[in-house]
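The structure appears below as structure tokens.
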Amino acid sequence: MKTILIAITAIVLLSSCYYDKEENLYGATCDTGAVTYNASIVPVLASNCISCHGGAFPSGNIKLDTYTDVRTAALNGKLYGSIAHSSGFIAMPQNAAPLSNCTISKFRIWINNGAPNN
Ligand code: HEC
């Protein structure tokens, strides 16, 4: 009985340690200090979104290949709602894994700053 209790305690302690570690790792690697349109937003759109949301016939009639178009989607809430998988929005990128929490945070910061062209 004692052994089982010790084992359970050890598992609980070990798993909480693991959780702490992940939190630290995330905080250390997600640099949200200097978020800009050109450095933080454009590369993500280019590699995850433009294939469907660029050119003459963009999916869902949402264009994301010029600043003006991205700004429109940012300010009407659709850009953030779709990548954050908020209810009421269509989850993006379509048929792919969600963007990382760190990337989504950067979009939130940029949009909250007024979606500047910087
Ligand atoms: C494989 C193609 C594809 C990719 C990649 C893709 N989308 Fe979409 N997206 C679509 C389609 C198709 C629709 C329209 C869906 C519909 O109307 O049912 C859409 C709709 C949207 C909408 C409108 C959502 C709404 O709720 O009205 C936004 C905003 C959007 N996409 C942003 C993005 C962003 C940002 C990315 C990259 C992170 C992305 N999409 C990647 C295909 C794609």
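Letters A, B, ... go to the chains of the structure tokens in the order shown; residues in each chain start at 1; ligands are counted from 1 in the same order.
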
Show me which residues are within 12 Å of ligand 1 counting only C-alpha atoms and all ligand atoms, and format the list as a compact mmCIF listing (two decimals) with C-alpha atoms, in the first residue's frame.
```txt
# COMPACT_ATOMS: atom_id res chain seq x y z
CA ILE A 41 2.88 38.60 -40.12
CA VAL A 42 3.94 38.52 -43.79
CA PRO A 43 6.16 35.39 -43.54
CA VAL A 44 3.39 33.43 -41.78
CA LEU A 45 0.82 34.42 -44.38
CA ALA A 46 3.26 33.60 -47.19
CA SER A 47 3.91 30.07 -45.99
CA ASN A 48 0.45 29.17 -44.61
CA CYS A 49 -2.23 31.19 -46.36
CA ILE A 50 -1.30 32.76 -49.69
CA SER A 51 -1.55 29.49 -51.60
CA CYS A 52 -5.33 29.76 -51.16
CA HIS A 53 -5.79 33.47 -50.43
CA GLY A 54 -3.77 35.09 -53.19
CA PHE A 57 -9.66 34.07 -57.24
CA PRO A 58 -8.86 33.89 -53.52
CA SER A 59 -10.68 31.31 -51.39
CA GLY A 60 -13.67 32.64 -49.50
CA ASN A 61 -13.08 35.93 -51.33
CA ILE A 62 -10.46 36.76 -48.68
CA LYS A 63 -7.25 38.15 -50.15
CA LEU A 64 -4.16 38.12 -47.95
CA ASP A 65 -1.41 39.09 -50.37
CA ASP A 69 -6.30 43.31 -47.90
CA VAL A 70 -4.67 41.88 -44.77
CA ARG A 71 -5.57 45.06 -42.87
CA THR A 72 -9.23 44.70 -43.89
CA ALA A 73 -9.37 41.11 -42.64
CA ALA A 74 -7.51 42.13 -39.47
CA LEU A 75 -9.83 45.00 -38.59
CA ASN A 76 -13.10 43.17 -39.30
CA GLY A 77 -12.04 40.40 -36.91
CA LYS A 78 -11.98 37.57 -39.44
CA LEU A 79 -8.20 37.18 -39.55
CA TYR A 80 -7.81 36.62 -35.82
CA GLY A 81 -11.09 34.70 -35.44
CA SER A 82 -10.07 32.21 -38.11
CA ILE A 83 -6.52 31.49 -36.87
CA ALA A 84 -7.56 31.42 -33.19
CA HIS A 85 -10.37 28.99 -34.08
CA SER A 86 -12.89 31.27 -32.36
CA SER A 87 -16.52 30.23 -32.56
CA GLY A 88 -18.40 31.85 -35.41
CA PHE A 89 -15.35 31.79 -37.71
CA ILE A 90 -14.10 29.21 -40.17
CA ALA A 91 -10.90 27.67 -38.72
CA MET A 92 -7.70 28.43 -40.67
CA PRO A 93 -5.40 27.34 -42.15
CA GLN A 94 -7.92 25.04 -43.80
CA ASN A 95 -7.13 21.31 -43.62
CA ALA A 96 -3.88 21.96 -41.74
CA ALA A 97 -2.63 22.11 -38.16
CA PRO A 98 -3.41 25.37 -36.34
CA LEU A 99 -0.67 28.02 -36.17
CA SER A 100 1.41 27.86 -32.97
CA THR A 103 2.33 32.94 -33.77
CA ILE A 104 -1.31 33.50 -32.86
CA PHE A 107 -1.19 38.31 -34.71
```

Checklist entry - What is the atom CA of A:Ala56 to atom CA of A:Lys106 distance in Å? => result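 Here the two named atoms are 27.9 Å from each other.
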
Next on the checklist: Just the number, please: distance in Å from atom CA of A:Asn113 to atom CA of A:Ser40, one decimal.
Outcome noted: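 So the answer is 13.2 Å.
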
Next on the checklist: Report, in Å with one decimal, the straight-line distance from atom CA of A:Gly33 to atom CA of A:Thr66.
Outcome noted: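 Interatomic distance here is 24.2 Å.
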